[in-house]
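S.K.: Sharing a structure with you now.
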Amino acid sequence: MTFLNDLWASFQIFAGNFTDRYGLWVNGLLLLLVLAAVGLFLWRSIRLGRRVRHTEAHLNLPEPSKTQSEEWCRRLSQAVSFPTVTGDKEAMSRFRSWLKESFPLVFSRLRVLPCPGDGLLLQWRCPEKGEKGPVLLCAHMDVVPAEGQNWTHPPFEGEIKEETVYGRGALDCKGTLCGILQAVEELLRDGFTPGRDVYLAFGCDEETGGAEGAAHIAKQLKMRGLHFDLILDEGTPISTAHLGKENFPAALLGVAEKGQATFRLTARQKAGHAAMPPQHTAVGYLSEAICRIESAPLHKRLLPVMQQCLLLSAPAMGSLQRAMVANLPFTRPLLFRGTRHNLQLSALFHSTFAATCLEGGSAPNVLPETASALVNARILQGDTGEKLLEYLRSLLDDLPVTVEMVSCQDPSAITDTAGMGYQLVKGAVEETFGRLPCIPTIMPAGTDTKHYQELSHHIIRFIPLAVSDATLGAVHGPDEHLPCRSYTAGVIFYENLLKKL
Ligand SMILES: [Zn+2]
């Protein structure tokens, strides 16, 4: 309504102008400007529409021989049958022994570098000393628990049904782990040697932050003075229907990941009897603080990499959304409004806060002296934990609520899409999967690469496994699975990537 009122008021000024001196000129100029803006808007929309029509997106899943395909998938299903839930040392040790037996060439020809903790670090030397920097391929061996979830397939038996491997870790992250090892095993069997040094790093506790695995591995690599031309870790996948558009598959390459921090809010009030309460209790103040944080989300920003992501995703959009994207950055506010219900996408436009754990009184008739809450923040590039702490403190400064930062991992750097690392991965995607668009994006969740930040300027978080939204949605949930065809094509991707180095 306000908008319509403002429009009407502007129109009245405009109409009144005609009678003024120079009014006709001013109005003519205004009209011209409006027409030029509309023309530009339409022209940019049409130009993007034309480009979209010429964008080819086909997902071609290469297939190995039938025997190879069966052998590779059986091996993945065996990997899934180990319940390597983070912290289960016994299962992890059995799994590591199984890896050595199942990929004998990898473990006999590559050097297993000593590393504290349960992580694995292997080195595949290039026979010639060349100019090229080394490459690091990563995955993790641990999985999240499956208890308390409604599985229709057993989570740790590695069941293969309808050419799909079911079980915890099939996609996150044993598909990637076995994919890398299987590719190296095949190449070694063919007598292949890499064109530069290749390191393989497999963490043992990625799901709880990587302190025991990736952190130790990173230290070892730093001690050796290594700097990588590419670090490729798990991340965003190949979507068979990007943004839900059936005939638009795309490889999403995570060029950055958001940081995260946890803040503790503590509200304080006098303890006492609940029969004689003050107007606001500690719980009341805490609730007010949480409501305030929820109703004052941080301003949205469009990072250049997200603009690139949206432009390349345009073929998957409807014409209205596409027109908005074509006219970025001018249409930014409209875009933010239009995507506010898409939680996955809107999380990539700003740092977010979510209250997760609460603690308050211990009895129904006792006023607690303190009430506290944990607020989990996901930090977008450009913000830091310290900045968010300052923001929360200023937002709540008139309440008897203190804010402290419990933990913080600042956001990663953004890998340049024109750089060598991105281009290497893009080249291998195109060689393996045909005319598949590569789209850079930001990972809303974390990976082991947070420990590898200083080791390379070219870090890509990507799993070369083609999955539907339903398959992706089962990660960390019940009935996690991976179609065998996606997996075997993934192995071929790693082979192609290694051959290109
Ligand atoms: Zn993972």
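To be explicit about the labels: the chains of the structure tokens are called A, B, and onward in the order shown, and within each one the residues are counted from 1, while ligands get numbers from 1 in the order they are shown.
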Residues contacting ligand 1 - anything with an atom at most 12 Å away, using only C-alpha atoms and all ligand atoms - can you give me those as number ranges by chain?
M.R.: A: 85-86, 138-144, 168-177, 202-210, 233-237, 443, 445-449, 461-463, 472, 475-476
S.K.: Quick one: residues within 7 Å of Gln269 of chain A, only C-alpha atoms counted, chain neighbours fewer than 5 positions away excluded, as a ChimeraX atom specification?
M.R.: /A:281-282,369-370
S.K.: Out of A:Lys450, A:Cys115, A:Leu40, A:Leu35, which residue has the shortest atom-to-atom distance to Ala323 of chain A when counting only C-alpha atoms?
M.R.: A:Leu40
S.K.: Would you mind listing what lies within 10 Å of Ala489 of chain A as an MDAnalysis selection string, with only C-alpha atoms counted and same-chain residues fewer than 5 positions away left out?
M.R.: chainID A and resid 60:64 69 179 432:433 464:466 484 494:495
S.K.: Please provide the set of residues having any atom within 7 Å of His273 of chain A, restricted to only C-alpha atoms, with same-chain residues fewer than 3 positions apart removed, written as a list in words.
M.R.: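 My list of contacting residues is Met276, Pro277, Asn365, Val366 and Leu367 of chain A.
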S.K.: Would you write out those residues with N, CA and C atoms, as a short mmCIF file (atom, residue, chain, number, x, y, z; two decimals), in the first residue's frame?
M.R.:
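Produced file selection27.cif, reproduced below:
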data_model
loop_
_atom_site.label_atom_id
_atom_site.label_comp_id
_atom_site.auth_asym_id
_atom_site.auth_seq_id
_atom_site.Cartn_x
_atom_site.Cartn_y
_atom_site.Cartn_z
N MET A 276 6.66 -14.95 43.54
CA MET A 276 6.82 -13.49 43.59
C MET A 276 7.81 -13.04 42.53
N PRO A 277 7.43 -13.21 41.28
CA PRO A 277 8.41 -12.94 40.22
C PRO A 277 8.54 -11.46 39.88
N ASN A 365 9.12 -24.15 40.32
CA ASN A 365 8.76 -23.04 41.23
C ASN A 365 9.97 -22.21 41.66
N VAL A 366 11.10 -22.39 40.96
CA VAL A 366 12.31 -21.63 41.32
C VAL A 366 12.72 -20.72 40.17
N LEU A 367 12.93 -19.45 40.52
CA LEU A 367 13.42 -18.51 39.48
C LEU A 367 14.92 -18.72 39.32
#
S.K.: Can you pull out the residues contacting Glu186 of chain A? Cut-off 12 Å, using only C-alpha atoms, and skip same-chain residues under 4 positions away; I want them as a count of residues only.
M.R.: 24
S.K.: Enumerate, as number ranges by chain, the complete set of residues in segment 90-172 of chain A that a backbone-based DSSP assignment places in helix (DSSP H, G or I).
M.R.: A: 90-102, 104-109
S.K.: Deliver the residues from the most recent selection as a file, using all heavy atoms, as a short mmCIF file (atom, residue, chain, number, x, y, z; two decimals), in the first residue's frame.
M.R.:
data_model
loop_
_atom_site.label_atom_id
_atom_site.label_comp_id
_atom_site.auth_asym_id
_atom_site.auth_seq_id
_atom_site.Cartn_x
_atom_site.Cartn_y
_atom_site.Cartn_z
N GLU A 90 38.04 -48.80 17.19
CA GLU A 90 38.13 -50.21 16.81
C GLU A 90 37.65 -50.38 15.36
O GLU A 90 38.33 -50.99 14.53
CB GLU A 90 37.29 -51.03 17.81
CG GLU A 90 37.49 -52.52 17.77
CD GLU A 90 36.50 -53.18 16.82
OE1 GLU A 90 35.39 -52.66 16.64
OE2 GLU A 90 36.88 -54.21 16.24
N ALA A 91 36.50 -49.80 15.05
CA ALA A 91 35.96 -49.91 13.68
C ALA A 91 36.91 -49.24 12.69
O ALA A 91 37.15 -49.74 11.58
CB ALA A 91 34.58 -49.28 13.62
N MET A 92 37.48 -48.11 13.12
CA MET A 92 38.39 -47.37 12.22
C MET A 92 39.64 -48.20 11.93
O MET A 92 40.12 -48.23 10.79
CB MET A 92 38.76 -46.03 12.88
CG MET A 92 39.51 -45.09 11.98
SD MET A 92 38.58 -44.63 10.49
CE MET A 92 37.49 -43.37 11.13
N SER A 93 40.14 -48.88 12.95
CA SER A 93 41.35 -49.66 12.74
C SER A 93 41.07 -50.86 11.81
O SER A 93 41.87 -51.18 10.92
CB SER A 93 41.90 -50.07 14.10
OG SER A 93 42.36 -51.36 14.10
N ARG A 94 39.89 -51.49 11.99
CA ARG A 94 39.53 -52.60 11.08
C ARG A 94 39.36 -52.07 9.66
O ARG A 94 39.75 -52.69 8.69
CB ARG A 94 38.22 -53.26 11.55
CG ARG A 94 38.43 -54.23 12.71
CD ARG A 94 37.20 -55.10 12.92
NE ARG A 94 36.04 -54.35 13.36
CZ ARG A 94 34.88 -54.29 12.69
NH1 ARG A 94 34.73 -54.96 11.58
NH2 ARG A 94 33.88 -53.57 13.15
N PHE A 95 38.78 -50.88 9.55
CA PHE A 95 38.54 -50.30 8.23
C PHE A 95 39.85 -49.99 7.51
O PHE A 95 40.01 -50.27 6.33
CB PHE A 95 37.70 -49.02 8.37
CG PHE A 95 37.34 -48.37 7.06
CD1 PHE A 95 36.63 -49.06 6.09
CD2 PHE A 95 37.71 -47.05 6.79
CE1 PHE A 95 36.29 -48.46 4.88
CE2 PHE A 95 37.39 -46.45 5.58
CZ PHE A 95 36.67 -47.15 4.62
N ARG A 96 40.82 -49.46 8.28
CA ARG A 96 42.12 -49.15 7.68
C ARG A 96 42.81 -50.43 7.19
O ARG A 96 43.41 -50.43 6.11
CB ARG A 96 43.01 -48.41 8.68
CG ARG A 96 42.61 -46.94 8.84
CD ARG A 96 43.27 -46.34 10.06
NE ARG A 96 44.71 -46.50 10.02
CZ ARG A 96 45.57 -45.49 10.00
NH1 ARG A 96 45.13 -44.26 10.03
NH2 ARG A 96 46.85 -45.70 9.97
N SER A 97 42.70 -51.51 7.96
CA SER A 97 43.30 -52.78 7.51
C SER A 97 42.60 -53.27 6.24
O SER A 97 43.24 -53.76 5.30
CB SER A 97 43.15 -53.87 8.57
OG SER A 97 43.53 -53.40 9.78
N TRP A 98 41.29 -53.10 6.23
CA TRP A 98 40.54 -53.53 5.04
C TRP A 98 40.95 -52.72 3.80
O TRP A 98 41.09 -53.27 2.70
CB TRP A 98 39.02 -53.39 5.31
CG TRP A 98 38.20 -53.67 4.08
CD1 TRP A 98 37.80 -54.88 3.61
CD2 TRP A 98 37.72 -52.71 3.13
NE1 TRP A 98 37.09 -54.75 2.44
CE2 TRP A 98 37.03 -53.41 2.13
CE3 TRP A 98 37.80 -51.31 3.03
CZ2 TRP A 98 36.42 -52.78 1.03
CZ3 TRP A 98 37.20 -50.68 1.95
CH2 TRP A 98 36.52 -51.42 0.97
N LEU A 99 41.17 -51.42 4.00
CA LEU A 99 41.59 -50.56 2.87
C LEU A 99 42.90 -51.11 2.29
O LEU A 99 43.06 -51.20 1.07
CB LEU A 99 41.80 -49.11 3.32
CG LEU A 99 40.56 -48.25 3.58
CD1 LEU A 99 40.98 -46.89 4.10
CD2 LEU A 99 39.73 -48.07 2.31
N LYS A 100 43.83 -51.48 3.18
CA LYS A 100 45.14 -51.98 2.73
C LYS A 100 45.00 -53.27 1.94
O LYS A 100 45.68 -53.47 0.93
CB LYS A 100 46.06 -52.20 3.93
CG LYS A 100 46.66 -50.90 4.41
CD LYS A 100 47.54 -51.06 5.63
CE LYS A 100 47.71 -49.70 6.28
NZ LYS A 100 47.96 -49.72 7.68
N GLU A 101 44.09 -54.13 2.38
CA GLU A 101 43.88 -55.39 1.65
C GLU A 101 43.16 -55.16 0.33
O GLU A 101 43.42 -55.83 -0.66
CB GLU A 101 42.99 -56.34 2.47
CG GLU A 101 43.69 -57.02 3.62
CD GLU A 101 42.66 -57.53 4.63
OE1 GLU A 101 41.52 -57.87 4.23
OE2 GLU A 101 43.01 -57.57 5.82
N SER A 102 42.24 -54.20 0.31
CA SER A 102 41.38 -54.04 -0.86
C SER A 102 42.02 -53.22 -1.97
O SER A 102 41.61 -53.31 -3.12
CB SER A 102 40.07 -53.38 -0.44
OG SER A 102 39.51 -54.10 0.61
N PRO A 104 45.56 -53.13 -2.82
CA PRO A 104 46.95 -53.56 -2.53
C PRO A 104 48.00 -52.75 -3.28
O PRO A 104 49.06 -52.46 -2.71
CB PRO A 104 46.96 -55.03 -2.96
CG PRO A 104 45.78 -55.20 -3.88
CD PRO A 104 44.77 -54.20 -3.43
N LEU A 105 47.73 -52.38 -4.52
CA LEU A 105 48.74 -51.63 -5.28
C LEU A 105 48.95 -50.25 -4.68
O LEU A 105 50.07 -49.76 -4.57
CB LEU A 105 48.34 -51.52 -6.75
CG LEU A 105 48.28 -52.85 -7.53
CD1 LEU A 105 47.84 -52.63 -8.96
CD2 LEU A 105 49.66 -53.53 -7.52
N VAL A 106 47.84 -49.60 -4.29
CA VAL A 106 47.95 -48.26 -3.70
C VAL A 106 48.86 -48.32 -2.47
O VAL A 106 49.79 -47.51 -2.33
CB VAL A 106 46.55 -47.74 -3.28
CG1 VAL A 106 46.68 -46.43 -2.52
CG2 VAL A 106 45.64 -47.57 -4.48
N PHE A 107 48.62 -49.30 -1.60
CA PHE A 107 49.36 -49.32 -0.34
C PHE A 107 50.76 -49.92 -0.46
O PHE A 107 51.56 -49.80 0.45
CB PHE A 107 48.53 -50.01 0.75
CG PHE A 107 47.43 -49.13 1.26
CD1 PHE A 107 46.18 -49.12 0.64
CD2 PHE A 107 47.65 -48.26 2.32
CE1 PHE A 107 45.17 -48.28 1.09
CE2 PHE A 107 46.64 -47.41 2.77
CZ PHE A 107 45.40 -47.42 2.15
N SER A 108 51.05 -50.56 -1.63
CA SER A 108 52.43 -51.06 -1.77
C SER A 108 53.28 -50.09 -2.59
O SER A 108 54.47 -49.96 -2.37
CB SER A 108 52.44 -52.46 -2.39
OG SER A 108 51.84 -52.42 -3.67
N ARG A 109 52.68 -49.39 -3.56
CA ARG A 109 53.49 -48.50 -4.41
C ARG A 109 53.54 -47.06 -3.89
O ARG A 109 54.49 -46.34 -4.15
CB ARG A 109 52.90 -48.46 -5.83
CG ARG A 109 52.71 -49.83 -6.46
CD ARG A 109 53.90 -50.19 -7.36
NE ARG A 109 53.63 -51.46 -7.99
CZ ARG A 109 52.97 -51.60 -9.12
NH1 ARG A 109 52.53 -50.53 -9.77
NH2 ARG A 109 52.75 -52.79 -9.63
#
S.K.: What does the distance between atom CA of Ile293 of chain A and atom CA of Phe353 of chain A come to in Å, to one decimal place?
M.R.: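 Result for atom CA of Ile293 of chain A versus atom CA of Phe353 of chain A: 7.4 Å, one decimal.
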S.K.: Counting only C-alpha atoms, which residues of segment 245-266 of chain A fall within 12 Å of segment 383-406 of chain A, and what is the closest atom pair for each with its distance in Å at one decimal, ordered by chain and rising number, as CSV?
M.R.:
residue,atom,partner,partner_atom,distance
A:Lys258,CA,A:Asp383,CA,9.8
A:Gly259,CA,A:Thr384,CA,8.0
A:Gln260,CA,A:Gly385,CA,7.6
A:Ala261,CA,A:Gly385,CA,6.1
A:Thr262,CA,A:Val406,CA,5.4
A:Phe263,CA,A:Met405,CA,4.4
A:Arg264,CA,A:Glu404,CA,5.3
A:Leu265,CA,A:Val403,CA,4.7
A:Thr266,CA,A:Thr402,CA,5.2
S.K.: Mind checking which residues fall within 8 Å of His216 of chain A, counting only C-alpha atoms, ignoring those fewer than 4 positions away in the same chain, and posting them as number ranges by chain?
M.R.: A: 115-117, 119, 211-212, 220
S.K.: Show which residues sit within 6 Å of Phe349 of chain A, as a PyMOL selection string. Count only C-alpha atoms, and ignore same-chain residues fewer than 3 positions away.
M.R.: chain A and resi 300-302+346
S.K.: Can I get the selection written as a PDB file, in the first residue's frame, with all heavy atoms?
M.R.:
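Wrote it out as again.pdb, contents follow:
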ATOM      1  N   LYS A 300      21.759  -8.765   3.626  1.00  0.00           N
ATOM      2  CA  LYS A 300      22.239  -9.697   2.608  1.00  0.00           C
ATOM      3  C   LYS A 300      23.204  -8.977   1.674  1.00  0.00           C
ATOM      4  O   LYS A 300      23.066  -7.777   1.423  1.00  0.00           O
ATOM      5  CB  LYS A 300      21.057 -10.263   1.830  1.00  0.00           C
ATOM      6  CG  LYS A 300      20.216 -11.177   2.691  1.00  0.00           C
ATOM      7  CD  LYS A 300      19.159 -11.898   1.901  1.00  0.00           C
ATOM      8  CE  LYS A 300      18.438 -12.874   2.808  1.00  0.00           C
ATOM      9  NZ  LYS A 300      17.258 -13.451   2.195  1.00  0.00           N
ATOM     10  N   ARG A 301      24.181  -9.746   1.206  1.00  0.00           N
ATOM     11  CA  ARG A 301      25.187  -9.214   0.276  1.00  0.00           C
ATOM     12  C   ARG A 301      25.325 -10.194  -0.868  1.00  0.00           C
ATOM     13  O   ARG A 301      25.148 -11.389  -0.667  1.00  0.00           O
ATOM     14  CB  ARG A 301      26.548  -9.092   0.980  1.00  0.00           C
ATOM     15  CG  ARG A 301      26.591  -8.114   2.107  1.00  0.00           C
ATOM     16  CD  ARG A 301      27.922  -8.155   2.828  1.00  0.00           C
ATOM     17  NE  ARG A 301      28.057  -9.275   3.730  1.00  0.00           N
ATOM     18  CZ  ARG A 301      29.066 -10.122   3.717  1.00  0.00           C
ATOM     19  NH1 ARG A 301      30.040 -10.011   2.831  1.00  0.00           N
ATOM     20  NH2 ARG A 301      29.126 -11.118   4.585  1.00  0.00           N
ATOM     21  N   LEU A 302      25.660  -9.672  -2.034  1.00  0.00           N
ATOM     22  CA  LEU A 302      25.858 -10.574  -3.169  1.00  0.00           C
ATOM     23  C   LEU A 302      27.346 -10.601  -3.495  1.00  0.00           C
ATOM     24  O   LEU A 302      27.887  -9.645  -4.052  1.00  0.00           O
ATOM     25  CB  LEU A 302      25.053 -10.090  -4.377  1.00  0.00           C
ATOM     26  CG  LEU A 302      25.073 -11.029  -5.575  1.00  0.00           C
ATOM     27  CD1 LEU A 302      24.364 -12.344  -5.254  1.00  0.00           C
ATOM     28  CD2 LEU A 302      24.408 -10.384  -6.779  1.00  0.00           C
ATOM     29  N   SER A 346      19.312 -18.614   0.227  1.00  0.00           N
ATOM     30  CA  SER A 346      19.420 -17.346   0.962  1.00  0.00           C
ATOM     31  C   SER A 346      20.507 -17.414   2.034  1.00  0.00           C
ATOM     32  O   SER A 346      21.046 -16.388   2.427  1.00  0.00           O
ATOM     33  CB  SER A 346      18.075 -16.902   1.534  1.00  0.00           C
ATOM     34  OG  SER A 346      17.645 -17.796   2.502  1.00  0.00           O
TER      35      SER A 346
END
S.K.: Which one is closest to Leu455 of chain A: A:Glu288, A:Lys222, A:Ala474, A:Ile442? Count only C-alpha atoms.
M.R.: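 Closest to Leu455 of chain A, using only C-alpha atoms: A:Lys222.
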S.K.: If you run DSSP on the backbone here, which positions in segment 189-258 of chain A get strand (DSSP E)? Please write them as a list in words.
M.R.: Val198, Tyr199, Leu200, Ala201, Phe202, Gly203, Leu230, Ile231, Leu232, Asp233, Glu234, Gly235, Thr236, Pro237, Ile238, Ser239, Ala250, Ala251, Leu252, Leu253, Gly254, Val255, Ala256 and Glu257 of chain A
